[in-house]
>>> print(open('run.txt').read())   # compact mmCIF, C-alpha atoms
# COMPACT_ATOMS: atom_id res chain seq x y z
CA MET A 1 0.00 0.00 0.00
CA TYR A 2 2.88 2.32 0.79
CA LEU A 3 4.34 1.60 -2.64
CA HIS A 4 1.04 2.47 -4.32
CA LEU A 5 0.90 5.74 -2.36
CA ARG A 6 4.42 6.66 -3.42
CA THR A 7 3.64 5.81 -7.03
CA GLY A 8 0.46 7.91 -6.97
CA LEU A 9 2.28 10.89 -5.48
CA ALA A 10 5.03 10.57 -8.08
CA ILE A 11 2.46 10.60 -10.89
CA LEU A 12 0.75 13.68 -9.45
CA PHE A 13 4.10 15.41 -9.11
CA CYS A 14 4.97 14.67 -12.75
CA LEU A 15 1.61 15.94 -13.96
CA ALA A 16 2.00 19.14 -11.94
CA ALA A 17 5.54 19.64 -13.24
CA THR A 18 4.37 19.14 -16.83
CA ALA A 19 1.56 21.68 -16.38
CA CYS A 20 3.98 24.21 -14.90
CA ALA A 21 6.41 23.66 -17.77
CA GLU A 22 3.66 24.23 -20.32
CA ASP A 23 2.54 27.43 -18.55
CA SER A 24 6.08 28.77 -18.33
CA ALA A 25 6.80 27.93 -21.97
CA GLY A 26 3.85 30.02 -23.17
CA LEU A 27 2.70 30.15 -26.78
CA ALA A 28 5.02 30.07 -29.77
CA ARG A 29 5.76 33.45 -31.36
CA PRO A 30 3.24 34.18 -34.15
CA ASN A 31 4.42 34.53 -37.73
CA ALA A 32 2.23 37.60 -38.22
CA ILE A 33 -0.14 39.95 -36.43
CA ILE A 34 -3.34 40.44 -38.40
CA VAL A 35 -5.38 43.58 -37.71
CA ARG A 36 -8.84 43.15 -39.18
CA GLU A 37 -10.93 46.10 -40.26
CA PHE A 38 -12.96 47.40 -37.34
CA ALA A 39 -16.72 46.94 -37.63
CA LEU A 40 -18.73 50.14 -37.80
CA ASN A 41 -22.25 51.11 -36.81
CA GLN A 42 -23.33 54.40 -38.41
CA ALA A 43 -25.86 54.91 -35.60
CA ALA A 44 -22.90 55.37 -33.26
CA ILE A 45 -21.61 58.42 -35.19
CA THR A 46 -22.31 61.93 -33.92
CA LEU A 47 -21.56 64.54 -36.58
CA ASP A 48 -20.41 68.08 -36.00
CA PRO A 49 -23.58 70.14 -36.75
CA SER A 50 -21.52 73.10 -37.97
CA PHE A 51 -20.14 71.16 -40.95
CA GLY A 52 -21.68 69.54 -44.00
CA PHE A 53 -23.18 72.71 -45.51
CA SER A 54 -22.69 73.81 -49.12
CA LEU A 55 -20.59 76.82 -50.14
CA HIS A 56 -23.00 77.51 -53.00
CA ARG A 57 -26.18 79.36 -52.01
CA GLY A 58 -29.32 77.38 -52.74
CA THR A 59 -27.40 74.11 -53.11
CA PRO A 60 -27.96 71.46 -50.43
CA GLY A 61 -24.94 70.23 -48.51
CA VAL A 62 -23.81 66.62 -48.14
CA PRO A 63 -26.62 64.50 -46.63
CA PRO A 64 -25.86 63.54 -43.00
CA ARG A 65 -26.09 59.82 -43.72
CA GLN A 66 -23.59 60.08 -46.55
CA ARG A 67 -21.24 62.24 -44.48
CA ALA A 68 -21.49 59.84 -41.53
CA ALA A 69 -20.55 56.93 -43.78
CA SER A 70 -17.53 58.84 -45.07
CA VAL A 71 -16.40 59.85 -41.58
CA GLY A 72 -16.88 56.30 -40.31
CA ARG A 73 -14.82 54.72 -43.09
CA ALA A 74 -12.00 57.22 -42.58
CA VAL A 75 -11.94 56.66 -38.81
CA ALA A 76 -12.03 52.85 -39.09
CA PHE A 77 -9.14 52.96 -41.56
CA SER A 78 -7.11 55.37 -39.40
CA VAL A 79 -7.55 53.19 -36.29
CA SER A 80 -6.41 49.94 -37.91
CA ASP A 81 -3.65 51.67 -39.88
CA ALA A 82 -2.28 53.25 -36.68
CA VAL A 83 -2.31 49.85 -34.93
CA VAL A 84 -0.34 48.25 -37.77
CA GLU A 85 2.15 51.13 -37.97
CA GLN A 86 2.89 51.01 -34.24
CA LEU A 87 3.37 47.23 -34.28
CA ARG A 88 5.71 47.44 -37.26
CA GLN A 89 7.76 50.12 -35.51
CA ALA A 90 8.05 47.71 -32.55
CA GLY A 91 9.49 45.06 -34.86
CA TYR A 92 6.50 42.83 -35.57
CA ASP A 93 5.17 41.66 -38.93
CA ALA A 94 1.74 43.29 -38.83
CA VAL A 95 -0.75 43.45 -41.71
CA ARG A 96 -4.19 44.95 -42.25
CA SER A 97 -7.06 42.72 -43.37
CA ASP A 98 -10.43 43.75 -44.72
CA GLY A 99 -11.90 40.34 -43.85
CA ALA A 100 -12.28 39.35 -47.50
CA SER A 101 -8.64 39.11 -48.52
CA ALA A 102 -6.57 35.98 -47.95
CA GLU A 103 -4.70 35.85 -44.65
CA PRO A 104 -1.28 34.26 -44.08
CA GLY A 105 -1.31 30.73 -42.69
CA GLY A 106 0.59 29.42 -39.70
CA ARG A 107 0.60 31.00 -36.26
CA ALA A 108 -1.02 34.42 -36.10
CA LEU A 109 -2.18 36.95 -33.56
CA ILE A 110 -5.51 38.37 -34.69
CA VAL A 111 -6.87 41.74 -33.59
CA THR A 112 -10.59 42.28 -34.17
CA GLY A 113 -12.91 44.97 -32.89
CA ALA A 114 -15.79 47.35 -33.40
CA ILE A 115 -16.03 51.12 -33.22
CA ARG A 116 -18.34 51.90 -30.28
CA HIS A 117 -18.73 55.61 -30.95
CA ILE A 118 -17.41 58.44 -33.12
CA ASP A 119 -18.04 62.01 -32.02
CA GLU A 120 -16.84 64.78 -34.32
CA GLY A 121 -17.23 67.33 -31.52
CA GLN A 122 -18.15 70.94 -32.30
CA ARG A 123 -15.07 72.58 -33.71
CA ARG A 124 -16.72 75.96 -34.47
CA ARG A 125 -18.22 76.41 -31.02
CA VAL A 126 -16.03 77.93 -28.30
CA GLY A 127 -15.72 75.66 -25.27
CA ALA A 128 -17.37 72.68 -26.95
CA HIS A 129 -16.09 69.14 -26.43
CA ASP A 130 -13.32 67.69 -28.58
CA PRO A 131 -13.72 64.88 -31.14
CA SER A 132 -13.40 61.36 -29.75
CA VAL A 133 -13.41 57.73 -30.87
CA ALA A 134 -13.96 54.59 -28.78
CA ALA A 135 -13.64 50.92 -29.67
CA SER A 136 -13.76 47.49 -28.07
CA GLY A 137 -12.33 44.24 -29.34
CA GLU A 138 -10.39 41.05 -28.83
CA ILE A 139 -6.90 39.68 -29.36
CA ASP A 140 -6.85 36.01 -30.40
CA TYR A 141 -4.10 33.48 -31.12
CA ARG A 142 -4.46 31.09 -34.06
CA THR A 143 -2.18 28.13 -34.81
CA GLY A 144 -3.46 27.31 -38.31
CA ALA A 145 -5.96 28.19 -40.98
CA GLY A 146 -8.54 25.68 -39.71
CA ALA A 147 -7.77 25.89 -35.99
CA ALA A 148 -10.12 27.55 -33.52
CA PRO A 149 -8.61 30.81 -32.19
CA GLN A 150 -7.61 31.11 -28.55
CA ARG A 151 -8.76 34.28 -26.79
CA LEU A 152 -5.85 36.02 -25.04
CA THR A 153 -7.45 39.29 -23.96
CA ASN A 154 -10.19 41.86 -24.56
CA PHE A 155 -9.90 45.63 -24.72
CA SER A 156 -12.23 48.60 -24.43
CA LEU A 157 -10.54 51.95 -25.10
CA ASP A 158 -11.44 55.59 -25.68
CA SER A 159 -9.29 58.26 -27.33
CA ARG A 160 -10.21 60.62 -24.49
CA GLN A 161 -8.16 58.38 -22.17
CA VAL A 162 -5.02 58.78 -24.32
CA PRO A 163 -2.76 61.83 -23.80
CA ARG A 164 -3.32 64.33 -26.62
CA GLU A 165 0.38 65.13 -26.90
CA ARG A 166 1.07 61.68 -28.35
CA VAL A 167 -0.50 62.58 -31.69
CA SER A 168 -0.69 66.03 -33.24
CA THR A 169 -3.38 67.04 -35.71
CA ALA A 170 -0.60 67.88 -38.17
CA LEU A 171 0.39 64.20 -38.28
CA ALA A 172 -3.26 63.32 -38.95
CA GLY A 173 -3.60 65.65 -41.92
CA GLY A 174 -4.98 68.51 -39.83
CA ASN A 175 -8.14 66.52 -39.09
CA GLU A 176 -8.95 66.34 -35.37
CA ILE A 177 -11.24 63.30 -35.61
CA ASN A 178 -8.48 61.44 -37.47
CA ALA A 179 -6.03 62.48 -34.76
CA ALA A 180 -8.38 60.97 -32.17
CA ALA A 181 -8.56 57.78 -34.28
CA VAL A 182 -4.77 57.57 -34.46
CA ARG A 183 -4.48 58.03 -30.68
CA LEU A 184 -6.96 55.20 -30.21
CA GLY A 185 -5.00 53.01 -32.63
CA HIS A 186 -1.82 53.62 -30.66
CA ALA A 187 -3.58 52.60 -27.43
CA ILE A 188 -4.86 49.39 -29.04
CA ALA A 189 -1.34 48.64 -30.28
CA GLN A 190 -0.09 48.97 -26.71
CA SER A 191 -2.61 46.32 -25.65
CA VAL A 192 -1.19 44.01 -28.32
CA LEU A 193 2.38 44.74 -27.23
CA GLU A 194 1.43 43.94 -23.64
CA VAL A 195 0.20 40.51 -24.76
CA ALA A 196 3.49 40.00 -26.63
CA ARG A 197 5.46 40.99 -23.53
CA ARG A 198 3.58 38.53 -21.32
CA GLN A 199 4.23 35.75 -23.85
CA ASN A 200 7.92 36.71 -24.25
CA TRP A 201 7.62 37.47 -27.98
CA PRO A 202 10.37 40.01 -28.65
CA GLY A 203 10.05 42.21 -31.69
CA ALA A 204 12.66 42.01 -34.43
CA PRO A 205 15.06 44.99 -34.69
CA ARG A 206 14.27 47.45 -37.47
>>> encode(input="run.txt", output="structure tokens")
Amino acid sequence: MYLHLRTGLAILFCLAATACAEDSAGLARPNAIIVREFALNQAAITLDPSFGFSLHRGTPGVPPRQRAASVGRAVAFSVSDAVVEQLRQAGYDAVRSDGASAEPGGRALIVTGAIRHIDEGQRRRVGAHDPSVAASGEIDYRTGAGAAPQRLTNFSLDSRQVPRERVSTALAGGNEINAAAVRLGHAIAQSVLEVARRQNWPGAPR
């Protein structure tokens, strides 16, 4: 009986050691980081009421729905583009994906998300609030084209939480809503880099 007890304890110890080794080893470094285009709900867009008029008297301006669609597309692009740019600067192979194009096989870190709100602010009104963009999403790890992704973390971020000095409007083409989108993209990239740090995935030198 004593021998059986010792054998059982030895098996438990080996199983525990194996589990610890697997935890400490972490996941293999991905071949690429794929940033998918952020989903957009036009109902979540608040336009600046002082814009959208026509310079020609008697001619109607751009319809709000059309302008909202244009603003939304520009913001969604700026967010994902800023994420990819930051990750590339950190030494990772990051690519944008529109969801329809082919994605690289092998191990990949996949960033998906949705724009929760876009507020153009009121740029022509003194003391009015500034433009802002917010998004939520997930960071998943995939080992192959047919493999189910593994959820590593979620994020919910707002450009109003990111220091304004990190991105100037000049770098965003003089457009304040695009500057807010770029700030948000940088914050999302930091969430991805934090996952990489926890998994010990160093970036390649540039």
>>> closest_residue(input="run.txt", among="A:Arg151, A:Arg29, A:Arg67, A:Arg160", to="Gly106 (chain A)", atoms="all atoms listed in the file")
A:Arg29
>>> closest_residue(input="run.txt", among="A:Tyr92, A:Gln42, A:Leu87, A:Glu37", to="Trp201 (chain A)", atoms="all atoms listed in the file")
A:Tyr92
>>> axis_aligned_box(input="run.txt", around="region 179-193 of chain A", padding_each_side="4 Å", output="JSON")
{"center_x": -3.1, "center_y": 53.2, "center_z": -30.2, "size_x": 18.9, "size_y": 26.5, "size_z": 17.1}
>>> atom_distance(input="run.txt", atom1="CA of Gln190 (chain A)", atom2="CA of Gln150 (chain A)")
19.5 Å
>>> residues_around(input="run.txt", residues="region 74-77 of chain A", least_positions_apart="2", cutoff="7 Å", atoms="all atoms listed in the file", output="short mmCIF file (atom, residue, chain, number, x, y, z; two decimals) with C-alpha atoms, in the coordinates of the input")
data_model
loop_
_atom_site.label_atom_id
_atom_site.label_comp_id
_atom_site.auth_asym_id
_atom_site.auth_seq_id
_atom_site.Cartn_x
_atom_site.Cartn_y
_atom_site.Cartn_z
CA GLU A 37 -10.93 46.10 -40.26
CA PHE A 38 -12.96 47.40 -37.34
CA SER A 70 -17.53 58.84 -45.07
CA VAL A 71 -16.40 59.85 -41.58
CA GLY A 72 -16.88 56.30 -40.31
CA VAL A 79 -7.55 53.19 -36.29
CA SER A 80 -6.41 49.94 -37.91
CA ASP A 81 -3.65 51.67 -39.88
CA ASN A 178 -8.48 61.44 -37.47
CA ALA A 181 -8.56 57.78 -34.28
#
>>> atom_distance(input="run.txt", atom1="CA of Tyr141 (chain A)", atom2="CA of Ile33 (chain A)")
9.3 Å
>>> atom_distance(input="run.txt", atom1="CA of Arg116 (chain A)", atom2="CA of Asp98 (chain A)")
18.4 Å
>>> closest_residue(input="run.txt", among="A:Gln66, A:Thr112, A:Ser159, A:Ser97", to="Ala39 (chain A)", atoms="only C-alpha atoms")
A:Thr112
